[in-house]
Structures are given as structure tokens and as C-alpha cells.
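S.K.: Shown below is the structure under consideration.
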Amino acid sequence: MKDDARRRVAELRTLIAHHDRRYHVLDDPEISDADYDLLVRELRALEAGHPELVTADSPTQRVGAGPATSFSVVVHRVPMLSLGNGFTDDDVRDFDRRVRKLLGSDAPVEYAAEPKLDGLAIALIYRDGSFAQAATRGDGGRGEDVTASVAQIRGVPQRLAGAAPALLEVRGEIFMPLAGFRRLNEEMTARGEKAFVNPRNAAAGSVRQLDPEVTRARPLELFIYGLGDVAPAAPPRRQSELLGWLRALGFATSPLAATVSGPEACLDYYRRLAAERASLPYQIDGVVYKVNDRQAQERLGFIAREPRWALAHKFPAEEAFTLLRDVEFQVGRTGVLTPVARLEPVFVGGATVSNATLHNMDEVARKDIRIGDTVVVRRAGDVIPEIVAVVAERRPADARRIELPAACPSCGSAVVREEGEAVARCTGGFRCKAQRREALKHFAGRRALDIDGLGDRIIDQLVERERVRSPADFYTLEAGDLANLDRMGAKSAQNLVAAIAGSRATTLPRVLLGLGIRDVGEATALALSRHFGDIEALMAADEAQVQQVPDVGPVVAAHVVRFFADSANRQLIGALRERGVRWPVVPVVREEEAPLAGLTFVLTGTLAALTREKATEALVALGAKVAGSVSKKTSFVVAGEDAGSKLDKARALGVPAIDEQALVAAIRERKPPPT
DNA sequence: GATCCTCGAGTTCT
DNA sequence: CTCGAGGATC
């Protein structure tokens, strides 16, 4: 019986891998989505019955396994980045100052400016001049494949004009003009369907359509504003010329694009667009400035996920007045008490807002917010509601001050605010139901153990009934325990049990994150895992040893050591293991032992064999750092095709330059390149 | 000791 | 998305 299960599990995994490839890689599925789901479900069920057969590489362990979400995933060959935001004139001047400082020049910088459309960012790929693929931005690294629906948009050329490169990826914005938006909403209301709240949602909803015919009927337009990738590479040297080059290939670009010089000209452009905004046939939410010289862009590079050579200068967000009815204090998983404003619901920035965080008591004091006040609300970045200010003259006589409660609203334990800290915390720890509930949600969350289907609602009920007190209790749940919860049938109870069983095979960083050690997030959990390899080594370490981990200082080290000194926490880890939670030992990368430790690389020019990302990943794995600009501390500059000023600077500073082959050799042989 | 950057934690709405 | 704070750097 057991051997049968083992055999069938292996068979199912092979089958699923095969169909994944047909679907995602070859784009030529052999079986229907429903049949595919059946295979996955059978595997899940078998794994649920035999947790010892669950392995980390099982398809059930993958995030968003299979085409169940109905759009397949596209990994962007060049990440689709977001832009840094500016709101004030000084933000723009600061941006310009930083650009000049980094370029080492005092000459006025030329910028390509254009309106920032309020639509949906899209990447379009053309092969040999023919439209081949469209993908949404997604999280920047991977998006959704929307090729079929985007092909129906009239502004998307099926074939490019003139001499098109073998591979071309362009980036742009799909948007719905206001007139079309109004007409569409009239039609939809007339048909008894729900209208869209704003043109951006309408555009996004129209593109994310499984039925391309629906997209075809929607009044969508497209402006292209940039390049993702091109091979062979021959695009113009300036952003402004690039737009002309793209137009010659048959793409629409913004007719309002302009070239300006220096920050004051940027601001003039901004004011001109702000004045014109109301009369434009589509919605814009700001303007974008890009350093016009693309070689200079290259030199400026990126910080985190944002290019240093571009700025989105946003128009002020739409604001609204409403009444602050009450303030409640929420308890987070670490015990932090957060004041949350309960507002008279108000429609602002495309959604109805009824709650807004006040962050902490300092913030409340700074803005002098009181219950009963009329407040100005906006959605920061058009997403998170925020109280901007109170309207002092409308304050009623009986407005109440907001007081930090002395006792936790959930468990009644004392609330303390450490000297010099902005936040107040409940001291109840694990005895506090609210902290327990939030800690359990964190454990089950996507970044930690990723237990699909174990959402807030379910956890709330399990905590309320005291059926689950610690994360280890999840692994004792049976279908019967779940089936009598609200909104839970026998079928979904079974699925959830299977998902919990599936989460047993996991990784060390996920477990470390899930434990909820103070100040240990995703990045720190990964760094700790790489350094110690397994949890026993970490538990045995003292503060000095934990501080050896990159980016871990005295504060974080103390939190880690204190966590593992607590016998309840040691027991939790034992209990998790006992109930079948498993993770492979992580290959230890000790900084001092890593072959390229202490070396800093700078990549410049176009690499042929490797992408920039791959090269960075490989170097970091070997203990090296990869920086964006050349300095005295740079160990090697890797010069690819068309290497620019970084190479010049390296020569000036006497930094050794190597070519791509030397880089590849260094990675392969795991030793520093010869100088 | 000041400054820059990155990370963590908490949050909203659909 | 925002704020605060820890860590690294100059």
C-alpha cells in the first residue's frame, strides 16, 4: 500500500512536470486545465495521507502551482522597475543635484520629460518584427502573460515597420481615454453590470481578460515610453531619439514628450502639464523625467528597485474631507499597538475609505488629531489611506484627545513605551490572544510557511476556539476540526488539511521567518540560514557569533539569542520537527571562506553569455559584492560590449578591468580573476 | 557623529 | 505605501 503510494507520487510528479513544460515553456498544452488540476489534486491528497513522501521539490510546494490562476507567468528578461517619486519642487531639485553629483559634472543635465499616464504598465516583445508576447508588470520580476488580449488592442502593431531588430522588448502604458471610459460605463450600467470606478481599473480589467473578444471591444490605447531589451543592440543614444526610433517602428508615443535642460525647466514642464491636465483626453497622475543620455543612465545605475536616472513627479493626490469617528488600537504580532482611525466612509482616489492608520502616538501628536475632528484624507500613492491634516476651524467643542491605553485592548496586560521608541507594546507576549493570532497568521503567510487556504478568517476562529495556540498545533489539525468552522465544507476542510501537510516540506529561511523573531525578516532569515546552515548551529550560537552574519549588529543578534534562550521557543522548534516539519540543510556560505569574499565587482556594458542579474547572483553566491559605480574600493570592473564611462573611470583610478570571459572563468573556477 | 541605505513591521481595499 | 530603526560608511 505504502509502496503503491510512493510509486504513484513519483509518477504524478513526472506527469505534472511534463505538462508544466508543455504549458509554460512550449506554450502548447496537451491536456485541459481541469485535467491538470486533477493530477495536482491527486498528488496533494496522496501527500496529505503520507506526509513522509512530501519533498521540497514536489510541484505541490510551488507557489501558485499550475495554470489554476488562468494566466501563465512571464519572467521579465529585464526587470520592470518602479520609479522614485517626488512631490515638491525641492524633490526635483534634490533629484537633479544627486544626478549631477553622481555624474561628476556641474553642467546642466538634459532630461526627457513626458506625462505619466494612469493606466497599466505593459511589456511587449517582438521577434523578427512580429508581435510575440505581452506581459503585465506584476511584481517587477514576473508578470502575467496577457498576449492574447493585448493582441486585440488596435494600438499594438502586429508587425513592425522598417528594419526591425531580431528581438525587441518595449515598455509602455495601456490606458483608457476618458470618453471611452464614460461610454463603456454607460453601456455596462445599461446592461445591469457594475461600472468601473476609474479608467485605470477599467484598463487593467480589460487587459486581464481570458476572452480576447472582450478586450477587443474595449476602447484601449497604448503609448510606448521605453526599451526593455533589444538584440542586436543599436538603439539611439538618447531617450528623446529613442522615442522617434520607436515611432518609426510603428509605436505610438506620447505627443507631449519634450526635452528640457536643468531642474527649473523640469518644473516649468510640470506646471505646464498641470495646467493642461484637465483638458487632456486621458488621465495622468504626474510627469516623468529621465536623464536623456542613455550612457549616463547606465552610469547612474539603480538603487534597490529604482533607477537613479529617473523621477516620477506626481501631481498632488486627490483629497477629501471626512469625520474622524473613533480611534481604535490594534495589536500586531510583536505586540505593537497601532492607532487606527475609524472614518465616516468617503470616496477618494477611486475607492471608499473608512479606515486609516495613524502609525503611532508621535504621529497623532504631530498632527494634533482628535476624535470628532474633520480630517483631510487621501490615498498615499493612490493606495494606502492617510490622514493628511485636521481642519482646525471645524473642531467641535467636545473633541476628544486620543489616549494611549494603559492596558492592552486584547489581553489587559500592561502597555509600555520604551524610552526613545515611537511605538508602544503590549507586554502580554504569547499570553495575549491578539499577538498569538497575528503571529500565527505570520507563520502561515506566503513568505513564511505559505499554507494555502489558511487565511485570516480561519485562523481567527481557530484561535478563538483555542484549538490552535502555537504554530505546531496546525500540524495536528484534522478535517473534522475544520469542517465545523464557519464557511467551511467537508471538501475545503480536506483541501486545507492537504495544504497544511504539504507545508511540512519547507526551507530553513521560511521557518526562521515564520518563528517571528524580532527584527528577523526575509533578508535576515536568509542571511542567518546561509551562515549557520541549520537551526541547531544557530541555537547554539552566542551574540558575538550571530553578529558575524552580514547586516546583523548587536541589536538584532541580541533578539535572536534571546529568542532561542526561551525554553518555550526551543520546545516549539522540537514540536514542529516532531510533527513532520522538515527543511534541507542550507549549504553554509561563511563569508571568510567564500572564494570571492571581500571583492567588489562593477558590471558595465552589455554582457553576452550572462544577463546582468545572473552574473550578480553568481558573484553574490560566491561572497562577492556587486556595486553600481566605480570607486577606489572596486576590485574589478567587468567590461562587456560597448563599455562606457565606468571603464574610463576604472582606468583613471587604476582599478583592474576584466572581460566577460574572465568573469565566467572566475565564477566557474570559484576563484578571483587574475589581475 | 552624521548620513545614506536597507530592512522590518504595520496597514487599506478590491 | 509609510515610518522608524538598525547597520554600514565616510
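Chain labels A, B, ... are given in the sequence in which chains occur in the C-alpha cells; within each chain residues are numbered consecutively from 1, and ligands are likewise numbered from 1 in the order shown.
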Find the residues around DA5 in chain C up to 12 Å (only C-alpha atoms (C1' of nucleotides) counted), leave out those fewer than 2 positions away in its own chain, and share them as a VMD selection string.
M.R.: (chain A and resid 420 to 423 519 555 to 556) or (chain B and resid 5 to 9) or (chain C and resid 3 7)
S.K.: From a DSSP pass on the backbone, collect the residues of range 131-198 of chain A flagged as alpha helix (DSSP H) and hand them back as a ChimeraX atom specification.
M.R.: /A:147-150,178-190
S.K.: May I have the residues of chain A within 7 Å of chain B, counting only C-alpha atoms (C1' of nucleotides), written as a PyMOL selection string?
M.R.: chain A and resi 357+384-385+519+521
S.K.: Using only C-alpha atoms (C1' of nucleotides), I'd like every residue of chain A that has an atom within 12 Å of chain C; please write them out as a ChimeraX atom specification.
M.R.: /A:85,356-360,362-363,379-387,420-423,519-520,524,547,549-557
S.K.: Do you have the CA of Arg182 in chain A-CA of Pro219 in chain A distance handy?
M.R.: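 Those two atoms sit 10.3 Å apart.
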